[in-house]
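Asker: The structure file input-v4.cif (mmCIF, C-alpha atoms and all ligand atoms) is provided below.
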```cif
data_my_file
#
loop_
_atom_site.label_atom_id
_atom_site.label_comp_id
_atom_site.auth_asym_id
_atom_site.auth_seq_id
_atom_site.Cartn_x
_atom_site.Cartn_y
_atom_site.Cartn_z
CA MET A 1 7.67 -19.30 21.58
CA GLU A 2 4.01 -19.54 22.51
CA PHE A 3 1.58 -16.63 22.59
CA SER A 4 -1.69 -16.68 24.50
CA THR A 5 -2.97 -13.36 23.14
CA ALA A 6 -2.74 -11.50 19.85
CA LYS A 7 -3.39 -7.96 18.72
CA LEU A 8 -4.99 -7.15 15.37
CA VAL A 9 -3.96 -3.74 14.03
CA TYR A 10 -5.62 -2.61 10.83
CA PHE A 11 -6.75 0.16 8.53
CA SER A 12 -9.75 -1.29 6.74
CA PRO A 13 -12.43 1.04 5.35
CA THR A 14 -14.52 -1.71 3.72
CA ARG A 15 -13.57 -4.37 6.30
CA THR A 16 -12.05 -7.02 4.02
CA THR A 17 -8.62 -6.58 5.66
CA LYS A 18 -10.16 -6.90 9.11
CA ARG A 19 -11.92 -10.12 8.09
CA VAL A 20 -8.71 -11.64 6.75
CA LEU A 21 -6.84 -10.85 9.98
CA GLU A 22 -9.67 -12.44 11.97
CA GLY A 23 -9.35 -15.55 9.79
CA ILE A 24 -5.60 -15.79 10.38
CA VAL A 25 -5.84 -15.32 14.14
CA ARG A 26 -8.47 -18.07 14.31
CA GLY A 27 -5.79 -20.44 12.99
CA ILE A 28 -3.15 -19.20 15.42
CA GLN A 29 -5.49 -20.15 18.27
CA VAL A 30 -4.87 -17.72 21.09
CA ASN A 31 -7.02 -17.23 24.18
CA ALA A 32 -7.74 -13.55 23.66
CA VAL A 33 -7.70 -11.20 20.68
CA GLU A 34 -7.43 -7.43 20.98
CA HIS A 35 -8.33 -5.03 18.19
CA LEU A 36 -6.63 -1.76 17.37
CA ASP A 37 -8.69 -0.28 14.55
CA LEU A 38 -6.77 2.54 12.88
CA THR A 39 -9.56 3.27 10.39
CA PRO A 40 -11.52 6.04 12.16
CA PRO A 41 -10.18 9.59 11.63
CA LYS A 42 -9.36 9.95 15.32
CA ALA A 43 -6.58 7.38 14.81
CA ARG A 44 -4.62 10.13 13.02
CA THR A 45 -3.87 11.85 16.29
CA ARG A 46 -3.49 8.93 18.72
CA PRO A 47 -0.54 9.13 21.08
CA VAL A 48 2.27 6.71 20.25
CA GLU A 49 1.37 3.25 21.54
CA GLU A 50 3.96 0.68 22.52
CA ILE A 51 3.15 -2.97 21.92
CA ARG A 52 5.43 -5.07 24.06
CA GLY A 53 5.92 -8.82 23.72
CA GLN A 54 2.57 -9.36 22.00
CA LEU A 55 2.00 -11.23 18.76
CA THR A 56 0.69 -8.52 16.41
CA LEU A 57 -1.10 -8.93 13.09
CA ILE A 58 -0.83 -5.77 11.00
CA GLY A 59 -3.13 -5.39 8.00
CA ALA A 60 -3.76 -2.78 5.32
CA PRO A 61 -5.39 -2.68 1.88
CA VAL A 62 -3.43 -2.09 -1.31
CA TYR A 63 -4.01 1.26 -3.01
CA GLY A 64 -2.11 1.69 -6.27
CA GLY A 65 0.39 -1.04 -5.34
CA ARG A 66 1.22 0.70 -2.06
CA ILE A 67 -0.07 1.03 1.49
CA PRO A 68 -2.59 3.93 1.60
CA PRO A 69 -0.71 6.97 2.98
CA ASP A 70 -3.37 7.35 5.69
CA ALA A 71 -2.67 3.80 6.87
CA ALA A 72 1.10 4.32 6.81
CA GLN A 73 0.80 7.54 8.82
CA ARG A 74 -1.34 5.83 11.47
CA LEU A 75 0.93 2.79 11.65
CA ARG A 76 3.91 5.07 12.31
CA GLY A 77 2.27 5.82 15.66
CA LEU A 78 3.06 2.29 16.88
CA LYS A 79 6.18 1.07 18.59
CA GLY A 80 6.88 -2.64 18.80
CA ARG A 81 9.16 -4.06 21.45
CA ASP A 82 10.03 -7.79 21.50
CA ALA A 83 6.88 -8.25 19.44
CA PRO A 84 6.58 -10.50 16.39
CA ALA A 85 4.49 -9.08 13.54
CA VAL A 86 2.52 -10.83 10.82
CA VAL A 87 2.10 -8.37 7.95
CA VAL A 88 -0.90 -8.73 5.66
CA VAL A 89 -2.04 -6.79 2.62
CA VAL A 90 -5.42 -7.24 0.98
CA TYR A 91 -5.93 -6.32 -2.67
CA GLY A 92 -8.73 -6.32 -5.19
CA ASN A 93 -7.50 -8.99 -7.64
CA ARG A 94 -5.33 -6.67 -9.76
CA ALA A 95 -1.86 -6.64 -8.11
CA TYR A 96 -0.18 -5.74 -4.83
CA GLU A 97 3.17 -4.65 -6.27
CA ASP A 98 5.26 -3.08 -3.44
CA ALA A 99 2.59 -2.97 -0.73
CA LEU A 100 3.68 -6.04 1.23
CA LEU A 101 7.32 -4.97 1.14
CA GLU A 102 6.30 -1.50 2.32
CA LEU A 103 4.23 -2.94 5.17
CA ARG A 104 7.06 -5.26 6.23
CA ASP A 105 9.41 -2.27 6.25
CA LEU A 106 6.96 -0.12 8.22
CA ALA A 107 6.62 -2.90 10.81
CA GLY A 108 10.40 -3.30 11.05
CA GLU A 109 10.98 0.46 11.35
CA ALA A 110 8.43 0.54 14.18
CA GLY A 111 10.49 -2.05 16.08
CA PHE A 112 8.47 -5.20 15.35
CA VAL A 113 10.10 -8.41 14.16
CA PRO A 114 8.31 -9.44 10.95
CA VAL A 115 7.78 -13.22 11.06
CA ALA A 116 5.29 -13.86 8.25
CA GLY A 117 3.66 -12.00 5.39
CA GLY A 118 0.55 -12.60 3.33
CA ALA A 119 -1.18 -11.04 0.35
CA PHE A 120 -4.89 -11.87 0.40
CA LEU A 121 -7.83 -10.96 -1.83
CA GLY A 122 -10.71 -8.67 -0.96
CA GLU A 123 -13.65 -7.38 -2.95
CA HIS A 124 -12.44 -4.32 -4.82
CA SER A 125 -13.64 -1.01 -3.43
CA PHE A 126 -14.92 -0.10 -6.91
CA SER A 127 -16.80 -3.38 -7.37
CA ASN A 128 -20.57 -3.22 -7.85
CA ASP A 129 -23.30 -5.29 -9.49
CA VAL A 130 -22.53 -3.86 -12.95
CA THR A 131 -18.73 -4.16 -12.72
CA PRO A 132 -17.95 -6.92 -10.19
CA ILE A 133 -14.29 -7.20 -9.17
CA ALA A 134 -13.29 -9.95 -6.71
CA GLU A 135 -16.91 -9.90 -5.56
CA GLY A 136 -17.55 -11.49 -2.17
CA ARG A 137 -13.91 -11.97 -1.26
CA PRO A 138 -12.53 -12.97 1.13
CA ASP A 139 -14.78 -16.00 0.68
CA GLU A 140 -14.87 -19.35 2.49
CA ASN A 141 -11.76 -20.63 0.67
CA ASP A 142 -9.83 -17.46 1.45
CA LEU A 143 -10.74 -17.69 5.13
CA ARG A 144 -9.71 -21.35 5.20
CA ALA A 145 -6.36 -20.35 3.67
CA ALA A 146 -6.11 -17.60 6.28
CA ALA A 147 -6.66 -20.08 9.13
CA ASP A 148 -4.10 -22.51 7.61
CA PHE A 149 -1.65 -19.61 7.42
CA GLY A 150 -2.35 -18.90 11.10
CA ARG A 151 -1.56 -22.53 12.01
CA ALA A 152 1.71 -22.36 10.06
CA ILE A 153 2.65 -19.13 11.86
CA ARG A 154 2.01 -20.80 15.23
CA GLU A 155 4.29 -23.71 14.24
CA LYS A 156 7.00 -21.33 13.03
CA LEU A 157 6.93 -19.47 16.35
CA ARG A 158 6.95 -22.74 18.30
CA GLY A 159 10.19 -23.64 16.55
CA ILE A 160 12.16 -20.78 18.13
CA ARG A 161 12.98 -19.80 21.72
CA SER A 162 13.61 -16.11 21.12
CA LEU A 163 12.89 -13.59 18.35
CA ASP A 164 16.67 -13.22 17.91
CA GLU A 165 16.56 -16.62 16.18
CA MET A 166 14.03 -15.40 13.59
CA PRO A 167 15.54 -15.23 10.10
CA PRO A 168 14.75 -12.12 8.01
CA LEU A 169 11.38 -12.23 6.28
CA HIS A 170 11.55 -11.98 2.49
CA VAL A 171 8.51 -10.74 0.59
CA PRO A 172 8.03 -9.64 -3.03
CA GLY A 173 8.32 -6.00 -4.03
CA ASN A 174 10.85 -3.51 -5.35
CA TYR A 175 12.79 -0.42 -4.33
CA PRO A 176 12.08 2.35 -4.88
CA TYR A 177 8.42 1.60 -4.17
CA GLN A 178 5.94 2.56 -6.87
CA GLU A 179 5.03 6.22 -6.86
CA ILE A 180 1.89 7.04 -4.90
CA GLY A 181 -1.00 8.19 -7.08
CA ARG A 182 -2.02 11.77 -6.39
CA SER A 183 -5.42 12.49 -4.89
CA GLN A 184 -7.62 13.63 -7.75
CA GLY A 185 -10.32 15.63 -6.02
CA ILE A 186 -12.88 12.94 -6.83
CA SER A 187 -15.43 11.55 -4.39
CA PRO A 188 -18.72 9.67 -4.32
CA VAL A 189 -21.87 11.75 -4.47
CA THR A 190 -25.14 11.63 -2.53
CA ARG A 191 -28.47 11.24 -4.31
CA ASN A 192 -30.57 13.53 -2.19
CA ASP A 193 -33.87 11.88 -3.20
CA LEU A 194 -32.66 8.59 -1.62
CA CYS A 195 -30.76 10.03 1.35
CA THR A 196 -32.41 9.67 4.78
CA ARG A 197 -29.72 11.75 6.53
CA CYS A 198 -28.86 8.77 8.76
CA GLU A 199 -25.19 9.81 8.78
CA THR A 200 -23.86 6.29 8.25
CA CYS A 201 -21.59 7.73 5.55
CA VAL A 202 -20.28 10.33 8.00
CA SER A 203 -19.52 7.68 10.62
CA VAL A 204 -17.66 5.24 8.33
CA CYS A 205 -15.50 7.76 6.47
CA PRO A 206 -11.86 7.20 7.55
CA THR A 207 -10.78 10.75 6.68
CA ALA A 208 -13.73 12.80 8.01
CA ALA A 209 -14.39 13.96 4.45
CA ILE A 210 -18.19 13.82 4.85
CA ALA A 211 -20.44 16.06 6.94
CA LEU A 212 -24.17 16.51 7.28
CA ARG A 213 -25.30 20.11 6.78
CA ASP A 214 -28.58 20.86 5.01
CA THR A 215 -27.56 17.94 2.85
CA VAL A 216 -24.61 15.56 2.93
CA VAL A 217 -21.49 17.43 1.80
CA THR A 218 -18.19 15.84 0.85
CA ASP A 219 -14.75 17.39 0.84
CA ALA A 220 -13.42 15.72 -2.30
CA SER A 221 -9.86 16.81 -1.52
CA ALA A 222 -9.96 14.65 1.64
CA CYS A 223 -11.61 11.63 -0.03
CA ILE A 224 -9.34 8.59 -0.53
CA LEU A 225 -11.93 6.78 -2.72
CA CYS A 226 -12.19 3.89 -0.24
CA CYS A 227 -15.96 3.63 -0.93
CA ALA A 228 -16.84 2.77 2.67
CA CYS A 229 -19.67 5.31 2.39
CA VAL A 230 -20.98 3.71 -0.81
CA LYS A 231 -20.83 0.14 0.53
CA ASN A 232 -22.44 1.01 3.87
CA CYS A 233 -25.21 3.34 2.72
CA PRO A 234 -28.47 1.59 3.72
CA THR A 235 -30.55 3.19 0.94
CA GLY A 236 -28.10 3.21 -1.95
CA ALA A 237 -28.01 7.01 -1.87
CA ARG A 238 -24.23 7.17 -1.94
CA ALA A 239 -22.72 6.39 -5.30
CA MET A 240 -19.47 6.66 -7.16
CA GLU A 241 -20.42 8.32 -10.43
CA HIS A 242 -17.20 9.96 -11.54
CA PRO A 243 -16.40 8.86 -15.10
CA ARG A 244 -12.74 8.23 -14.31
CA VAL A 245 -13.60 5.78 -11.51
CA LEU A 246 -16.35 4.13 -13.56
CA ARG A 247 -13.87 3.66 -16.43
CA SER A 248 -11.36 2.17 -14.03
CA ALA A 249 -14.03 -0.17 -12.58
CA ARG A 250 -15.01 -1.34 -16.06
CA TRP A 251 -11.36 -2.01 -16.93
CA LEU A 252 -10.74 -3.93 -13.71
CA SER A 253 -13.91 -5.94 -14.09
CA ALA A 254 -12.97 -6.93 -17.64
CA ASN A 255 -9.23 -7.49 -17.14
CA CYS A 256 -8.81 -8.68 -13.56
CA SER A 257 -11.55 -11.28 -13.43
CA GLU A 258 -9.31 -14.35 -13.28
CA ARG A 259 -9.29 -15.55 -9.70
CA LYS A 260 -6.05 -14.97 -7.83
CA GLU A 261 -5.18 -16.89 -4.67
CA PRO A 262 -3.57 -15.78 -1.39
CA GLU A 263 0.24 -15.74 -1.37
CA LEU A 264 1.94 -16.64 1.89
CA HIS A 265 5.51 -15.95 2.98
CA LEU A 266 6.90 -17.65 6.06
C1 LIG B 301 -7.86 4.14 -4.25
C2 LIG B 301 -7.81 2.64 -4.35
C3 LIG B 301 -6.73 2.02 -4.97
C4 LIG B 301 -6.69 0.62 -5.06
N1 LIG B 301 -5.61 0.04 -5.66
C5 LIG B 301 -5.57 -1.30 -5.81
C6 LIG B 301 -4.46 -1.92 -6.43
O1 LIG B 301 -3.44 -1.29 -6.77
N2 LIG B 301 -4.51 -3.27 -6.67
C7 LIG B 301 -5.60 -4.01 -6.30
O2 LIG B 301 -5.62 -5.19 -6.62
N3 LIG B 301 -6.63 -3.47 -5.62
C8 LIG B 301 -6.63 -2.13 -5.35
N4 LIG B 301 -7.68 -1.55 -4.66
C9 LIG B 301 -8.70 -2.41 -4.06
C10 LIG B 301 -8.48 -2.64 -2.55
O3 LIG B 301 -7.15 -3.04 -2.31
C11 LIG B 301 -9.43 -3.75 -2.05
O4 LIG B 301 -10.75 -3.38 -2.32
C12 LIG B 301 -9.29 -4.05 -0.56
O5 LIG B 301 -10.00 -5.26 -0.34
C13 LIG B 301 -9.86 -2.97 0.33
O6 LIG B 301 -9.57 -3.28 1.69
P1 LIG B 301 -10.56 -2.90 2.91
O7 LIG B 301 -11.84 -3.66 2.68
O8 LIG B 301 -9.84 -3.40 4.12
O9 LIG B 301 -10.78 -1.43 2.90
C14 LIG B 301 -7.75 -0.18 -4.53
C15 LIG B 301 -8.81 0.46 -3.89
C16 LIG B 301 -8.85 1.85 -3.79
C17 LIG B 301 -10.01 2.50 -3.08
#
```
Represent the structure contained in this file as C-alpha cells.
Ligand SMILES: Cc1cc2nc3c(=O)[nH]c(=O)nc-3n(C[C@H](O)[C@H](O)[C@H](O)COP(=O)(O)O)c2cc1C
Answerer:
Amino acid sequence: MEFSTAKLVYFSPTRTTKRVLEGIVRGIQVNAVEHLDLTPPKARTRPVEEIRGQLTLIGAPVYGGRIPPDAAQRLRGLKGRDAPAVVVVVYGNRAYEDALLELRDLAGEAGFVPVAGGAFLGEHSFSNDVTPIAEGRPDENDLRAAADFGRAIREKLRGIRSLDEMPPLHVPGNYPYQEIGRSQGISPVTRNDLCTRCETCVSVCPTAAIALRDTVVTDASACILCCACVKNCPTGARAMEHPRVLRSARWLSANCSERKEPELHL
C-alpha cells in the first residue's frame, strides 16, 4: 500500500508530541500533510470526524503512565475507516507504562488499524533551568530516529496490499491500565509584577482554565498541569510554584537524568 497524504492527530500542550509526529511523517515522505490539533479546548466539543483511507499518525503525551484523560476524550471523537494508524506517545524520560497500549487500544476502538507504535522522549513539562528533565528533547538524534521510523513504516505498508493482511500490533503495557492520578487542584500562578496581560497563557491553555479579568485568574480544578502557560509566557510571569510539583520536579531531575532512547514497535 502506498499513501500520498497523511494526517497528524495530536494533543500536545507543550508541542513535543507534535514535533515528533512531524519528524516521523518526514520519513514517510508523503506529498501532503494535514493537521488535526486536538489541543485547544474547542476540540472537546467537535462533531465526530471520520477519517477514511488516510494514513493517520496519532500522538499524545504520557501523564502518569497513561494518556491524559482530555486527550482520550478528544480522540474518542474520531472514527477511522480503512485507515492505518501509527500511534505515538511522548514522555519526559521517566516511564510510559501503559500509555502506548492505551493509545493503541483507543485507535483500534475508533476503527483504525494500528500498524506501528513508538514511545519517544520530550522535555518534561516540569523541566526548568533549576531542575532540567529531558531538556531540549526531542533533539536532533530523536528527530533522526523519528524519520528512520517513518521510513520503516513506509516499507511495512509497501509490503502489504490491503490492511486485512496487517498482523496485530504488539506494544508494551499491562491490563488493567495504571490508575489515573486525581486532579489535585494545583495550578501555576501569575506574578502580577511581570505580567503584561498579553493573554498568551489564556490562548495556549488546553482546558480553558485561565481567564483575564482584572488580573489573570486560573481555575485550578480545570488545570491539568501541562505547563503550556509557563513555557509560553513571554515575560516569565507564569510559574509553577506549588511545593508538591517542585518536589516532583526535583525528584525527576535527580532520578530520571539518564538518557532514554525512542522505542519503536513495527
Ligand atoms: C501531569 C503530567 C504527568 C506526566 N507524567 C509523566 C510520566 O508518567 N512519565 C514521564 O516520563 N513523563 C511524564 N510527564 C511529562 C510529559 O509526558 C512530557 O513533558 C511530554 O513531552 C509532554 O508532551 P507535549 O509537549 O506534547 O505536551 C508528565 C507531564 C505532566 C504535565
Asker: Can you tell me which residues surround Lys42 (chain A) at a distance of at most 12 Å, considering all atoms listed in the file, apart from same-chain residues fewer than 5 positions away, and format the answer as a list in words?
Answerer: Asp37, Pro47, Asp70, Arg74, Ser203, Val204, Cys205, Pro206, Thr207 and Ala208 of chain A
Asker: Report, in Å with one decimal, the straight-line distance from atom C10 of ligand LIG 301 (chain B) to CA of Ile133 (chain A).
Answerer: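 Distance reported for this atom pair: 9.9 Å.
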Asker: Taking all atoms listed in the file into account, list the residues no farther than 7 Å from ligand LIG 301 (chain B), as a VMD selection string.
Answerer: chain A and resid 11 to 18 60 to 66 90 to 96 121 to 126 224 to 227
Asker: Return the single residue from A:Ile24, A:Val217, A:Ile180, A:Ile210 that is closest to Ala99 (chain A), with distances computed using all atoms listed in the file.
Answerer: A:Ile180
Asker: Report as a JSON list (two decimals) with C-alpha atoms, in the frame of the given file all protein, DNA and RNA residues lying within 10 Å of Leu194 (chain A), evaluated on all atoms listed in the file, omitting residues in the same chain fewer than 5 positions from it.
Answerer:
```json
[["chain", "number", "residue", "atom", "x", "y", "z"],
["A", 234, "PRO", "CA", -28.47, 1.59, 3.72],
["A", 235, "THR", "CA", -30.55, 3.19, 0.94],
["A", 236, "GLY", "CA", -28.10, 3.21, -1.95],
["A", 237, "ALA", "CA", -28.01, 7.01, -1.87],
["A", 238, "ARG", "CA", -24.23, 7.17, -1.94]]
```
Asker: Pick out the residues sitting within 9 Å of Ala239 (chain A), and hand them over as a VMD selection string; count all atoms listed in the file, and ignore anything fewer than 4 positions along from it in its own chain.
Answerer: chain A and resid 187 to 191 227 229 to 231 233
Asker: Using CA of Leu212 (chain A) and CA of Glu199 (chain A) as the two end points, give the distance in Å to one decimal.
Answerer: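 Interatomic distance here is 6.9 Å.
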Asker: Please identify all polymer residues lying at most 10 Å from the point (5.7, -14.5, 12.1) (file coordinates), using all atoms listed in the file, and present the result as a PyMOL selection string.
Answerer: chain A and resi 55-57+83-87+113-117+150+152-157+163+166+169+265-266
Asker: For CA of Lys260 (chain A) and CA of Ile67 (chain A), quote the distance in Å rounded to one decimal.
Answerer: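 About the pair CA of Lys260 (chain A) and CA of Ile67 (chain A): they are 19.5 Å apart.
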Asker: Of the candidates A:Thr200, A:Val171, A:Arg244, A:Arg213, which one gets nearest to Ile186 (chain A) if we count all atoms listed in the file?
Answerer: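 Nearest candidate to Ile186 (chain A) out of A:Thr200, A:Val171, A:Arg244, A:Arg213: A:Arg244.
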Asker: For Ala6 (chain A), which residue among A:Asn128, A:Arg52, A:Leu38, A:Val20 is the nearest when counting all atoms listed in the file?
Answerer: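 For Ala6 (chain A), the nearest of the candidates is A:Arg52.
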Asker: Compile the contact shell of Ala249 (chain A) as a list in words: residues with an atom at most 12 Å away, counting only C-alpha atoms, same-chain residues fewer than 2 positions apart removed.
Answerer: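 Counting only C-alpha atoms, the residues come to Gly92, Arg94, His124, Ser125, Phe126, Ser127, Asn128, Asp129, Val130, Thr131, Pro132, Ile133, Ala134, Met240, Glu241, His242, Pro243, Arg244, Val245, Leu246, Arg247, Trp251, Leu252, Ser253, Ala254, Asn255, Cys256 and Ser257 of chain A.
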Asker: Using all atoms listed in the file, which residue out of A:Asp219, A:Met1, A:Glu22, A:Asn232 lies closest to Ser162 (chain A)?
Answerer: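 Checking each candidate against Ser162 (chain A), we get A:Met1 as the closest.
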